[in-house]
$ cat work_14.csv   # CSV, N, CA and C atoms
chain,number,residue,atom,x,y,z
A,5,MET,N,-11.5,-13.2,-15.5
A,5,MET,CA,-10.5,-12.4,-16.1
A,5,MET,C,-11.1,-11.0,-16.4
A,6,LYS,N,-10.3,-10.0,-16.0
A,6,LYS,CA,-10.8,-8.6,-16.3
A,6,LYS,C,-9.7,-7.9,-17.0
A,7,ILE,N,-10.2,-7.1,-17.9
A,7,ILE,CA,-9.3,-6.2,-18.7
A,7,ILE,C,-9.7,-4.8,-18.4
A,8,ASP,N,-8.7,-3.9,-18.1
A,8,ASP,CA,-9.0,-2.5,-17.8
A,8,ASP,C,-8.6,-1.6,-19.0
A,9,PRO,N,-9.7,-1.2,-19.7
A,9,PRO,CA,-9.4,-0.3,-20.9
A,9,PRO,C,-8.7,1.0,-20.5
A,10,LEU,N,-8.8,1.4,-19.3
A,10,LEU,CA,-8.1,2.7,-18.9
A,10,LEU,C,-6.7,2.5,-18.4
A,11,SER,N,-6.3,1.3,-18.3
A,11,SER,CA,-4.9,1.0,-17.9
A,11,SER,C,-3.9,1.5,-18.9
A,12,PRO,N,-2.7,1.9,-18.5
A,12,PRO,CA,-1.7,2.3,-19.5
A,12,PRO,C,-1.1,1.1,-20.2
A,13,ALA,N,-1.3,-0.1,-19.6
A,13,ALA,CA,-0.8,-1.4,-20.2
A,13,ALA,C,-1.6,-1.7,-21.5
A,14,PRO,N,-0.9,-2.0,-22.6
A,14,PRO,CA,-1.6,-2.4,-23.8
A,14,PRO,C,-2.6,-3.5,-23.5
A,15,LEU,N,-3.7,-3.5,-24.3
A,15,LEU,CA,-4.7,-4.5,-24.1
A,15,LEU,C,-4.2,-5.9,-24.3
A,16,HIS,N,-3.4,-6.1,-25.3
A,16,HIS,CA,-2.9,-7.5,-25.6
A,16,HIS,C,-2.0,-8.0,-24.4
A,17,GLU,N,-1.3,-7.1,-23.8
A,17,GLU,CA,-0.5,-7.5,-22.6
A,17,GLU,C,-1.4,-7.9,-21.4
A,18,GLN,N,-2.5,-7.2,-21.3
A,18,GLN,CA,-3.4,-7.5,-20.2
A,18,GLN,C,-4.0,-8.9,-20.5
A,19,VAL,N,-4.4,-9.1,-21.7
A,19,VAL,CA,-5.0,-10.4,-22.0
A,19,VAL,C,-4.0,-11.5,-21.8
A,20,ALA,N,-2.7,-11.3,-22.2
A,20,ALA,CA,-1.7,-12.3,-22.0
A,20,ALA,C,-1.5,-12.6,-20.5
A,21,ALA,N,-1.5,-11.5,-19.7
A,21,ALA,CA,-1.3,-11.7,-18.3
A,21,ALA,C,-2.5,-12.4,-17.7
A,22,ALA,N,-3.7,-12.2,-18.1
A,22,ALA,CA,-4.8,-12.9,-17.6
A,22,ALA,C,-4.8,-14.4,-17.9
A,23,ILE,N,-4.3,-14.7,-19.1
A,23,ILE,CA,-4.2,-16.1,-19.5
A,23,ILE,C,-3.1,-16.8,-18.7
A,24,ARG,N,-1.9,-16.1,-18.5
A,24,ARG,CA,-0.9,-16.6,-17.7
A,24,ARG,C,-1.4,-16.9,-16.3
A,25,ARG,N,-2.1,-16.0,-15.7
A,25,ARG,CA,-2.7,-16.2,-14.4
A,25,ARG,C,-3.6,-17.4,-14.3
A,26,ALA,N,-4.4,-17.5,-15.3
A,26,ALA,CA,-5.4,-18.7,-15.4
A,26,ALA,C,-4.6,-20.0,-15.4
A,27,ILE,N,-3.5,-20.0,-16.2
A,27,ILE,CA,-2.7,-21.2,-16.3
A,27,ILE,C,-2.0,-21.5,-15.0
A,28,ALA,N,-1.4,-20.5,-14.4
A,28,ALA,CA,-0.7,-20.6,-13.1
A,28,ALA,C,-1.6,-21.1,-12.0
A,29,GLN,N,-2.9,-20.7,-12.0
A,29,GLN,CA,-3.8,-21.0,-11.0
A,29,GLN,C,-4.5,-22.4,-11.3
A,30,GLY,N,-4.1,-23.0,-12.4
A,30,GLY,CA,-4.7,-24.3,-12.7
A,30,GLY,C,-6.0,-24.4,-13.4
A,31,GLU,N,-6.4,-23.2,-13.8
A,31,GLU,CA,-7.7,-23.2,-14.6
A,31,GLU,C,-7.6,-23.8,-16.0
A,32,ALA,N,-6.3,-23.8,-16.5
A,32,ALA,CA,-6.0,-24.5,-17.7
A,32,ALA,C,-4.7,-25.3,-17.5
A,33,ARG,N,-4.8,-26.6,-17.7
A,33,ARG,CA,-3.6,-27.4,-17.5
A,33,ARG,C,-2.9,-27.8,-18.8
A,34,SER,N,-1.7,-28.3,-18.6
A,34,SER,CA,-0.9,-28.7,-19.7
A,34,SER,C,-1.6,-29.7,-20.6
A,35,GLY,N,-1.6,-29.3,-21.9
A,35,GLY,CA,-2.2,-30.1,-22.9
A,35,GLY,C,-3.7,-29.8,-23.2
A,36,GLU,N,-4.3,-29.0,-22.3
A,36,GLU,CA,-5.7,-28.6,-22.5
A,36,GLU,C,-5.8,-27.5,-23.6
A,37,ARG,N,-6.9,-27.5,-24.3
A,37,ARG,CA,-7.2,-26.5,-25.4
A,37,ARG,C,-7.7,-25.3,-24.7
A,38,LEU,N,-7.3,-24.1,-25.2
A,38,LEU,CA,-7.9,-22.9,-24.8
A,38,LEU,C,-9.2,-22.6,-25.6
A,39,PRO,N,-10.1,-21.9,-25.1
A,39,PRO,CA,-11.3,-21.5,-25.9
A,39,PRO,C,-10.8,-20.7,-27.2
A,40,PRO,N,-11.6,-20.8,-28.2
A,40,PRO,CA,-11.2,-20.0,-29.5
A,40,PRO,C,-11.1,-18.5,-29.1
A,41,ALA,N,-10.2,-17.9,-29.9
A,41,ALA,CA,-9.9,-16.5,-29.7
A,41,ALA,C,-11.2,-15.6,-29.7
A,42,ARG,N,-12.1,-16.0,-30.6
A,42,ARG,CA,-13.3,-15.2,-30.7
A,42,ARG,C,-14.1,-15.3,-29.4
A,43,ASP,N,-14.2,-16.5,-28.8
A,43,ASP,CA,-14.9,-16.6,-27.5
A,43,ASP,C,-14.2,-15.9,-26.4
A,44,LEU,N,-12.9,-16.0,-26.3
A,44,LEU,CA,-12.1,-15.2,-25.3
A,44,LEU,C,-12.3,-13.7,-25.5
A,45,ALA,N,-12.3,-13.3,-26.7
A,45,ALA,CA,-12.5,-11.9,-27.0
A,45,ALA,C,-13.9,-11.4,-26.5
A,46,ALA,N,-14.9,-12.2,-26.7
A,46,ALA,CA,-16.3,-11.9,-26.3
A,46,ALA,C,-16.4,-11.8,-24.7
A,47,VAL,N,-15.7,-12.8,-24.1
A,47,VAL,CA,-15.7,-12.8,-22.6
A,47,VAL,C,-15.0,-11.6,-22.0
A,48,LEU,N,-13.9,-11.2,-22.6
A,48,LEU,CA,-13.0,-10.1,-22.1
A,48,LEU,C,-13.4,-8.8,-22.6
A,49,GLY,N,-14.3,-8.7,-23.6
A,49,GLY,CA,-14.8,-7.4,-24.1
A,49,GLY,C,-13.7,-6.7,-25.0
A,50,VAL,N,-12.9,-7.5,-25.7
A,50,VAL,CA,-11.9,-6.9,-26.6
A,50,VAL,C,-12.1,-7.5,-28.0
A,51,ASN,N,-11.3,-7.0,-28.9
A,51,ASN,CA,-11.3,-7.5,-30.3
A,51,ASN,C,-10.6,-8.8,-30.4
A,52,ALA,N,-11.0,-9.7,-31.3
A,52,ALA,CA,-10.4,-11.0,-31.4
A,52,ALA,C,-8.9,-10.9,-31.8
A,53,ASN,N,-8.6,-9.8,-32.6
A,53,ASN,CA,-7.2,-9.6,-33.0
A,53,ASN,C,-6.3,-9.3,-31.8
A,54,THR,N,-6.9,-8.7,-30.8
A,54,THR,CA,-6.2,-8.4,-29.5
A,54,THR,C,-5.8,-9.7,-28.8
A,55,VAL,N,-6.8,-10.6,-28.8
A,55,VAL,CA,-6.6,-11.9,-28.2
A,55,VAL,C,-5.5,-12.7,-29.0
A,56,LEU,N,-5.6,-12.7,-30.3
A,56,LEU,CA,-4.7,-13.4,-31.1
A,56,LEU,C,-3.2,-12.8,-30.9
A,57,ARG,N,-3.1,-11.5,-30.8
A,57,ARG,CA,-1.8,-10.9,-30.5
A,57,ARG,C,-1.3,-11.4,-29.2
A,58,ALA,N,-2.1,-11.5,-28.2
A,58,ALA,CA,-1.7,-12.0,-26.9
A,58,ALA,C,-1.3,-13.5,-26.9
A,59,LEU,N,-2.0,-14.2,-27.7
A,59,LEU,CA,-1.7,-15.7,-27.8
A,59,LEU,C,-0.4,-15.8,-28.5
A,60,ARG,N,-0.1,-15.0,-29.5
A,60,ARG,CA,1.2,-15.1,-30.2
A,60,ARG,C,2.4,-14.7,-29.2
A,61,VAL,N,2.2,-13.8,-28.3
A,61,VAL,CA,3.2,-13.5,-27.3
A,61,VAL,C,3.4,-14.7,-26.4
A,62,LEU,N,2.3,-15.3,-26.0
A,62,LEU,CA,2.4,-16.5,-25.1
A,62,LEU,C,3.0,-17.7,-25.9
A,63,ARG,N,2.8,-17.8,-27.2
A,63,ARG,CA,3.4,-18.8,-27.9
A,63,ARG,C,4.9,-18.6,-28.0
A,64,ASP,N,5.3,-17.4,-28.2
A,64,ASP,CA,6.8,-17.0,-28.2
A,64,ASP,C,7.4,-17.3,-26.9
A,65,GLU,N,6.7,-17.2,-25.8
A,65,GLU,CA,7.2,-17.4,-24.5
A,65,GLU,C,7.2,-18.9,-24.2
A,66,GLY,N,6.6,-19.7,-25.0
A,66,GLY,CA,6.5,-21.2,-24.7
A,66,GLY,C,5.4,-21.6,-23.8
A,67,VAL,N,4.5,-20.7,-23.5
A,67,VAL,CA,3.4,-21.0,-22.6
A,67,VAL,C,2.3,-21.7,-23.3
A,68,VAL,N,2.0,-21.4,-24.6
A,68,VAL,CA,1.0,-22.1,-25.3
A,68,VAL,C,1.6,-22.6,-26.7
A,69,GLU,N,0.9,-23.5,-27.3
A,69,GLU,CA,1.3,-24.0,-28.6
A,69,GLU,C,0.1,-23.9,-29.6
A,70,PHE,N,0.4,-23.5,-30.8
A,70,PHE,CA,-0.6,-23.5,-31.8
A,70,PHE,C,-0.5,-24.8,-32.6
A,71,ARG,N,-1.6,-25.5,-32.6
A,71,ARG,CA,-1.6,-26.8,-33.3
A,71,ARG,C,-2.7,-26.8,-34.4
A,72,ARG,N,-2.3,-27.1,-35.6
A,72,ARG,CA,-3.2,-27.1,-36.8
A,72,ARG,C,-4.3,-28.1,-36.5
A,73,GLY,N,-5.5,-27.6,-36.6
A,73,GLY,CA,-6.7,-28.5,-36.4
A,73,GLY,C,-7.0,-28.8,-35.0
A,74,ARG,N,-6.2,-28.3,-34.0
A,74,ARG,CA,-6.5,-28.6,-32.6
A,74,ARG,C,-6.5,-27.3,-31.8
A,75,GLY,N,-6.3,-26.2,-32.5
A,75,GLY,CA,-6.4,-24.9,-31.8
A,75,GLY,C,-5.2,-24.6,-30.9
A,76,VAL,N,-5.4,-23.8,-29.9
A,76,VAL,CA,-4.3,-23.4,-29.0
A,76,VAL,C,-4.4,-24.2,-27.8
A,77,THR,N,-3.2,-24.8,-27.4
A,77,THR,CA,-3.2,-25.7,-26.2
A,77,THR,C,-2.1,-25.1,-25.3
A,78,VAL,N,-2.3,-25.4,-24.0
A,78,VAL,CA,-1.3,-25.1,-23.0
A,78,VAL,C,-0.1,-26.0,-23.1
A,79,SER,N,1.0,-25.4,-23.2
A,79,SER,CA,2.3,-26.1,-23.4
A,79,SER,C,2.7,-26.9,-22.2
A,80,GLY,N,3.2,-28.1,-22.4
A,80,GLY,CA,3.8,-28.9,-21.3
A,80,GLY,C,5.2,-28.5,-21.0
A,81,ILE,N,5.7,-27.6,-21.8
A,81,ILE,CA,7.1,-27.1,-21.5
A,81,ILE,C,7.2,-26.1,-20.4
A,82,GLY,N,6.2,-25.2,-20.3
A,82,GLY,CA,6.2,-24.2,-19.3
A,82,GLY,C,6.3,-24.6,-17.9
A,83,PRO,N,6.6,-23.8,-17.0
A,83,PRO,CA,6.7,-24.2,-15.6
A,83,PRO,C,5.3,-24.5,-15.0
A,84,GLN,N,5.2,-25.3,-14.0
A,84,GLN,CA,3.9,-25.6,-13.4
A,84,GLN,C,3.3,-24.4,-12.8
A,85,ARG,N,4.1,-23.6,-12.2
A,85,ARG,CA,3.6,-22.4,-11.5
A,85,ARG,C,4.2,-21.2,-12.3
A,86,SER,N,3.5,-20.1,-12.1
A,86,SER,CA,4.0,-18.9,-12.9
A,86,SER,C,5.3,-18.4,-12.3
A,87,ALA,N,6.0,-17.6,-13.1
A,87,ALA,CA,7.2,-17.0,-12.7
A,87,ALA,C,7.0,-16.0,-11.5
A,88,VAL,N,5.8,-15.5,-11.4
A,88,VAL,CA,5.5,-14.6,-10.3
A,88,VAL,C,5.5,-15.3,-9.0
A,89,VAL,N,4.9,-16.5,-9.0
A,89,VAL,CA,4.9,-17.3,-7.8
A,89,VAL,C,6.3,-17.7,-7.3
A,90,ALA,N,7.1,-18.1,-8.3
A,90,ALA,CA,8.5,-18.5,-8.0
A,90,ALA,C,9.2,-17.3,-7.4
A,91,LYS,N,9.1,-16.1,-8.0
A,91,LYS,CA,9.7,-14.9,-7.4
A,91,LYS,C,9.2,-14.6,-6.1
A,92,ALA,N,7.9,-14.8,-5.9
A,92,ALA,CA,7.3,-14.5,-4.5
A,92,ALA,C,7.9,-15.4,-3.5
A,93,ARG,N,8.1,-16.6,-3.8
A,93,ARG,CA,8.8,-17.6,-2.9
A,93,ARG,C,10.2,-17.1,-2.5
A,94,GLU,N,10.9,-16.6,-3.6
A,94,GLU,CA,12.3,-16.1,-3.3
A,94,GLU,C,12.2,-14.9,-2.4
A,95,LEU,N,11.3,-14.0,-2.6
A,95,LEU,CA,11.1,-12.8,-1.8
A,95,LEU,C,10.8,-13.2,-0.4
A,96,VAL,N,9.9,-14.1,-0.2
A,96,VAL,CA,9.5,-14.5,1.2
A,96,VAL,C,10.8,-15.1,1.9
A,97,ALA,N,11.5,-15.9,1.2
A,97,ALA,CA,12.7,-16.5,1.8
A,97,ALA,C,13.7,-15.4,2.2
A,98,LEU,N,13.9,-14.5,1.3
A,98,LEU,CA,14.9,-13.4,1.6
A,98,LEU,C,14.4,-12.6,2.8
A,99,ALA,N,13.1,-12.3,2.8
A,99,ALA,CA,12.5,-11.5,3.9
A,99,ALA,C,12.7,-12.2,5.2
A,100,ARG,N,12.5,-13.5,5.2
A,100,ARG,CA,12.7,-14.3,6.5
A,100,ARG,C,14.2,-14.3,6.9
A,101,ARG,N,15.1,-14.3,6.0
A,101,ARG,CA,16.6,-14.2,6.3
A,101,ARG,C,16.9,-12.9,7.0
A,102,TYR,N,16.2,-11.9,6.6
A,102,TYR,CA,16.4,-10.5,7.2
A,102,TYR,C,15.5,-10.3,8.4
A,103,GLY,N,14.7,-11.2,8.8
A,103,GLY,CA,13.9,-11.1,10.0
A,103,GLY,C,12.5,-10.4,9.8
A,104,TYR,N,12.1,-10.3,8.6
A,104,TYR,CA,10.7,-9.7,8.4
A,104,TYR,C,9.6,-10.7,8.5
A,105,ARG,N,8.6,-10.3,9.2
A,105,ARG,CA,7.4,-11.2,9.3
A,105,ARG,C,6.5,-11.0,8.1
A,106,PRO,N,5.7,-12.0,7.8
A,106,PRO,CA,4.9,-12.0,6.6
A,106,PRO,C,4.0,-10.7,6.4
A,107,GLU,N,3.5,-10.3,7.5
A,107,GLU,CA,2.6,-9.1,7.5
A,107,GLU,C,3.5,-7.8,7.2
A,108,GLU,N,4.7,-7.8,7.6
A,108,GLU,CA,5.6,-6.7,7.3
A,108,GLU,C,6.0,-6.7,5.8
A,109,LEU,N,6.2,-7.9,5.3
A,109,LEU,CA,6.5,-8.0,3.9
A,109,LEU,C,5.3,-7.6,3.0
A,110,ALA,N,4.1,-7.9,3.5
A,110,ALA,CA,2.9,-7.5,2.8
A,110,ALA,C,2.8,-6.0,2.7
A,111,GLU,N,3.1,-5.4,3.9
A,111,GLU,CA,3.1,-3.9,3.9
A,111,GLU,C,4.1,-3.3,2.9
A,112,ILE,N,5.3,-3.8,2.9
A,112,ILE,CA,6.3,-3.3,2.0
A,112,ILE,C,5.8,-3.5,0.5
A,113,ILE,N,5.2,-4.6,0.2
A,113,ILE,CA,4.7,-4.8,-1.2
A,113,ILE,C,3.6,-3.8,-1.5
A,114,GLU,N,2.7,-3.6,-0.5
A,114,GLU,CA,1.6,-2.6,-0.7
A,114,GLU,C,2.2,-1.2,-1.0
A,115,ARG,N,3.2,-0.8,-0.3
A,115,ARG,CA,3.8,0.5,-0.4
A,115,ARG,C,4.4,0.7,-1.8
A,116,VAL,N,5.1,-0.3,-2.3
A,116,VAL,CA,5.8,-0.2,-3.5
A,116,VAL,C,4.9,-0.4,-4.8
A,117,SER,N,3.7,-0.9,-4.6
A,117,SER,CA,2.9,-1.1,-5.8
A,117,SER,C,2.0,0.0,-6.1

$ encode --input "work_14.csv" --output "structure tokens"
Amino acid sequence: MKIDPLSPAPLHEQVAAAIRRAIAQGEARSGERLPPARDLAAVLGVNANTVLRALRVLRDEGVVEFRRGRGVTVSGIGPQRSAVVAKARELVALARRYGYRPEELAEIIERVS
């Protein structure tokens, strides 16, 4: 996980995005405990309060749960794959319907990002 302090995106949003990606990629599975906020903060090079703010955002989204005495765990309610992967599949299907090849779609994405 990397956080870019020069990015215009707020640090807590970058932390939340990094955790979402880790969950989507299977690095943390449903029911697993996440490391303590203090440990995540040290790894990411941010303040523990920034991590806690990101975790509250993820809790509000239903991605993680706060459990007294058990820390923060990955929710079993959230989707198995991230919303980004689902939207990417939709985009690939749409591109195929319009006759775009995967490499053409990749070029389009590169241009708009």

$ select_by_dssp --input "work_14.csv" --residues "segment 55-85 of chain A" --states "alpha helix (DSSP H)" --output "ChimeraX atom specification"
/A:55-65

$ closest_residue --input "work_14.csv" --among "A:Leu95, A:Arg105, A:Leu62, A:Arg72" --to "Arg24 of chain A" --atoms "only N, CA and C atoms"
A:Leu62

$ atom_distance --input "work_14.csv" --atom1 "atom N of Gly73 of chain A" --atom2 "atom C of Arg42 of chain A"
16.6 Å

$ select_by_dssp --input "work_14.csv" --residues "chain A" --states "strand (DSSP E or B)" --output "list in words"
Arg37, Val68, Glu69, Phe70, Arg71, Gly75, Val76, Thr77 and Val78 of chain A

$ atom_distance --input "work_14.csv" --atom1 "atom CA of Leu15 of chain A" --atom2 "atom CA of Thr54 of chain A"
6.8 Å

$ atom_distance --input "work_14.csv" --atom1 "atom N of Ala52 of chain A" --atom2 "atom CA of Glu36 of chain A"
21.5 Å

$ closest_residue --input "work_14.csv" --among "A:Val78, A:Leu56, A:Ile27, A:Ala92" --to "Ala41 of chain A" --atoms "all atoms listed in the file"
A:Leu56

$ decode --input "work_14.csv" --residues "segment 16-51 of chain A" --atoms "N, CA and C atoms" --output "PDB file, in the first residue's frame"
ATOM      1  N   HIS A  16      -6.996  10.331   4.225  1.00  0.00           N
ATOM      2  CA  HIS A  16      -7.882   9.271   4.717  1.00  0.00           C
ATOM      3  C   HIS A  16      -8.586   8.557   3.563  1.00  0.00           C
ATOM      4  N   GLU A  17      -8.869   9.266   2.472  1.00  0.00           N
ATOM      5  CA  GLU A  17      -9.482   8.621   1.312  1.00  0.00           C
ATOM      6  C   GLU A  17      -8.486   7.695   0.616  1.00  0.00           C
ATOM      7  N   GLN A  18      -7.223   8.092   0.585  1.00  0.00           N
ATOM      8  CA  GLN A  18      -6.194   7.231   0.005  1.00  0.00           C
ATOM      9  C   GLN A  18      -6.025   5.959   0.842  1.00  0.00           C
ATOM     10  N   VAL A  19      -6.056   6.115   2.152  1.00  0.00           N
ATOM     11  CA  VAL A  19      -5.943   4.949   3.038  1.00  0.00           C
ATOM     12  C   VAL A  19      -7.142   4.023   2.836  1.00  0.00           C
ATOM     13  N   ALA A  20      -8.333   4.588   2.787  1.00  0.00           N
ATOM     14  CA  ALA A  20      -9.536   3.777   2.576  1.00  0.00           C
ATOM     15  C   ALA A  20      -9.460   3.042   1.240  1.00  0.00           C
ATOM     16  N   ALA A  21      -8.994   3.719   0.202  1.00  0.00           N
ATOM     17  CA  ALA A  21      -8.867   3.085  -1.113  1.00  0.00           C
ATOM     18  C   ALA A  21      -7.849   1.949  -1.072  1.00  0.00           C
ATOM     19  N   ALA A  22      -6.757   2.149  -0.363  1.00  0.00           N
ATOM     20  CA  ALA A  22      -5.727   1.109  -0.263  1.00  0.00           C
ATOM     21  C   ALA A  22      -6.275  -0.123   0.449  1.00  0.00           C
ATOM     22  N   ILE A  23      -7.060   0.083   1.487  1.00  0.00           N
ATOM     23  CA  ILE A  23      -7.653  -1.042   2.215  1.00  0.00           C
ATOM     24  C   ILE A  23      -8.696  -1.741   1.345  1.00  0.00           C
ATOM     25  N   ARG A  24      -9.515  -0.971   0.618  1.00  0.00           N
ATOM     26  CA  ARG A  24     -10.492  -1.573  -0.299  1.00  0.00           C
ATOM     27  C   ARG A  24      -9.791  -2.472  -1.317  1.00  0.00           C
ATOM     28  N   ARG A  25      -8.688  -1.958  -1.900  1.00  0.00           N
ATOM     29  CA  ARG A  25      -7.938  -2.741  -2.881  1.00  0.00           C
ATOM     30  C   ARG A  25      -7.402  -4.022  -2.265  1.00  0.00           C
ATOM     31  N   ALA A  26      -6.861  -3.921  -1.066  1.00  0.00           N
ATOM     32  CA  ALA A  26      -6.319  -5.102  -0.396  1.00  0.00           C
ATOM     33  C   ALA A  26      -7.405  -6.154  -0.182  1.00  0.00           C
ATOM     34  N   ILE A  27      -8.588  -5.719   0.195  1.00  0.00           N
ATOM     35  CA  ILE A  27      -9.705  -6.646   0.393  1.00  0.00           C
ATOM     36  C   ILE A  27     -10.132  -7.241  -0.943  1.00  0.00           C
ATOM     37  N   ALA A  28     -10.251  -6.403  -1.968  1.00  0.00           N
ATOM     38  CA  ALA A  28     -10.673  -6.871  -3.299  1.00  0.00           C
ATOM     39  C   ALA A  28      -9.679  -7.868  -3.883  1.00  0.00           C
ATOM     40  N   GLN A  29      -8.405  -7.692  -3.570  1.00  0.00           N
ATOM     41  CA  GLN A  29      -7.378  -8.582  -4.099  1.00  0.00           C
ATOM     42  C   GLN A  29      -7.182  -9.821  -3.240  1.00  0.00           C
ATOM     43  N   GLY A  30      -7.975  -9.957  -2.188  1.00  0.00           N
ATOM     44  CA  GLY A  30      -7.903 -11.156  -1.357  1.00  0.00           C
ATOM     45  C   GLY A  30      -6.828 -11.141  -0.290  1.00  0.00           C
ATOM     46  N   GLU A  31      -6.199 -10.012  -0.076  1.00  0.00           N
ATOM     47  CA  GLU A  31      -5.174  -9.931   0.969  1.00  0.00           C
ATOM     48  C   GLU A  31      -5.803  -9.979   2.356  1.00  0.00           C
ATOM     49  N   ALA A  32      -7.062  -9.595   2.459  1.00  0.00           N
ATOM     50  CA  ALA A  32      -7.827  -9.697   3.695  1.00  0.00           C
ATOM     51  C   ALA A  32      -9.190 -10.259   3.319  1.00  0.00           C
ATOM     52  N   ARG A  33      -9.563 -11.350   3.942  1.00  0.00           N
ATOM     53  CA  ARG A  33     -10.814 -12.033   3.598  1.00  0.00           C
ATOM     54  C   ARG A  33     -11.911 -11.757   4.634  1.00  0.00           C
ATOM     55  N   SER A  34     -13.119 -12.093   4.257  1.00  0.00           N
ATOM     56  CA  SER A  34     -14.267 -11.908   5.129  1.00  0.00           C
ATOM     57  C   SER A  34     -14.017 -12.553   6.495  1.00  0.00           C
ATOM     58  N   GLY A  35     -14.263 -11.777   7.544  1.00  0.00           N
ATOM     59  CA  GLY A  35     -14.095 -12.275   8.897  1.00  0.00           C
ATOM     60  C   GLY A  35     -12.707 -12.081   9.479  1.00  0.00           C
ATOM     61  N   GLU A  36     -11.730 -11.769   8.650  1.00  0.00           N
ATOM     62  CA  GLU A  36     -10.365 -11.573   9.144  1.00  0.00           C
ATOM     63  C   GLU A  36     -10.221 -10.216   9.819  1.00  0.00           C
ATOM     64  N   ARG A  37      -9.373 -10.210  10.840  1.00  0.00           N
ATOM     65  CA  ARG A  37      -9.073  -8.948  11.526  1.00  0.00           C
ATOM     66  C   ARG A  37      -8.034  -8.174  10.752  1.00  0.00           C
ATOM     67  N   LEU A  38      -8.224  -6.871  10.711  1.00  0.00           N
ATOM     68  CA  LEU A  38      -7.210  -5.990  10.135  1.00  0.00           C
ATOM     69  C   LEU A  38      -6.188  -5.660  11.222  1.00  0.00           C
ATOM     70  N   PRO A  39      -4.976  -5.309  10.829  1.00  0.00           N
ATOM     71  CA  PRO A  39      -3.994  -4.886  11.828  1.00  0.00           C
ATOM     72  C   PRO A  39      -4.505  -3.657  12.575  1.00  0.00           C
ATOM     73  N   PRO A  40      -4.013  -3.443  13.788  1.00  0.00           N
ATOM     74  CA  PRO A  40      -4.424  -2.239  14.536  1.00  0.00           C
ATOM     75  C   PRO A  40      -4.104  -0.966  13.750  1.00  0.00           C
ATOM     76  N   ALA A  41      -4.904   0.056  13.976  1.00  0.00           N
ATOM     77  CA  ALA A  41      -4.735   1.333  13.265  1.00  0.00           C
ATOM     78  C   ALA A  41      -3.330   1.879  13.436  1.00  0.00           C
ATOM     79  N   ARG A  42      -2.777   1.735  14.619  1.00  0.00           N
ATOM     80  CA  ARG A  42      -1.428   2.234  14.892  1.00  0.00           C
ATOM     81  C   ARG A  42      -0.403   1.544  13.983  1.00  0.00           C
ATOM     82  N   ASP A  43      -0.561   0.218  13.773  1.00  0.00           N
ATOM     83  CA  ASP A  43       0.356  -0.529  12.904  1.00  0.00           C
ATOM     84  C   ASP A  43       0.178  -0.124  11.437  1.00  0.00           C
ATOM     85  N   LEU A  44      -1.082   0.017  11.010  1.00  0.00           N
ATOM     86  CA  LEU A  44      -1.336   0.451   9.630  1.00  0.00           C
ATOM     87  C   LEU A  44      -0.753   1.841   9.390  1.00  0.00           C
ATOM     88  N   ALA A  45      -0.915   2.712  10.366  1.00  0.00           N
ATOM     89  CA  ALA A  45      -0.394   4.073  10.245  1.00  0.00           C
ATOM     90  C   ALA A  45       1.120   4.056  10.085  1.00  0.00           C
ATOM     91  N   ALA A  46       1.799   3.214  10.852  1.00  0.00           N
ATOM     92  CA  ALA A  46       3.255   3.135  10.766  1.00  0.00           C
ATOM     93  C   ALA A  46       3.695   2.627   9.396  1.00  0.00           C
ATOM     94  N   VAL A  47       2.994   1.619   8.869  1.00  0.00           N
ATOM     95  CA  VAL A  47       3.331   1.068   7.557  1.00  0.00           C
ATOM     96  C   VAL A  47       3.095   2.096   6.451  1.00  0.00           C
ATOM     97  N   LEU A  48       2.000   2.833   6.562  1.00  0.00           N
ATOM     98  CA  LEU A  48       1.626   3.793   5.525  1.00  0.00           C
ATOM     99  C   LEU A  48       2.295   5.155   5.684  1.00  0.00           C
ATOM    100  N   GLY A  49       2.876   5.396   6.830  1.00  0.00           N
ATOM    101  CA  GLY A  49       3.535   6.678   7.063  1.00  0.00           C
ATOM    102  C   GLY A  49       2.565   7.818   7.287  1.00  0.00           C
ATOM    103  N   VAL A  50       1.428   7.514   7.921  1.00  0.00           N
ATOM    104  CA  VAL A  50       0.438   8.541   8.227  1.00  0.00           C
ATOM    105  C   VAL A  50       0.109   8.482   9.711  1.00  0.00           C
ATOM    106  N   ASN A  51      -0.653   9.437  10.172  1.00  0.00           N
ATOM    107  CA  ASN A  51      -1.094   9.503  11.555  1.00  0.00           C
ATOM    108  C   ASN A  51      -2.153   8.427  11.812  1.00  0.00           C
TER     109      ASN A  51
END
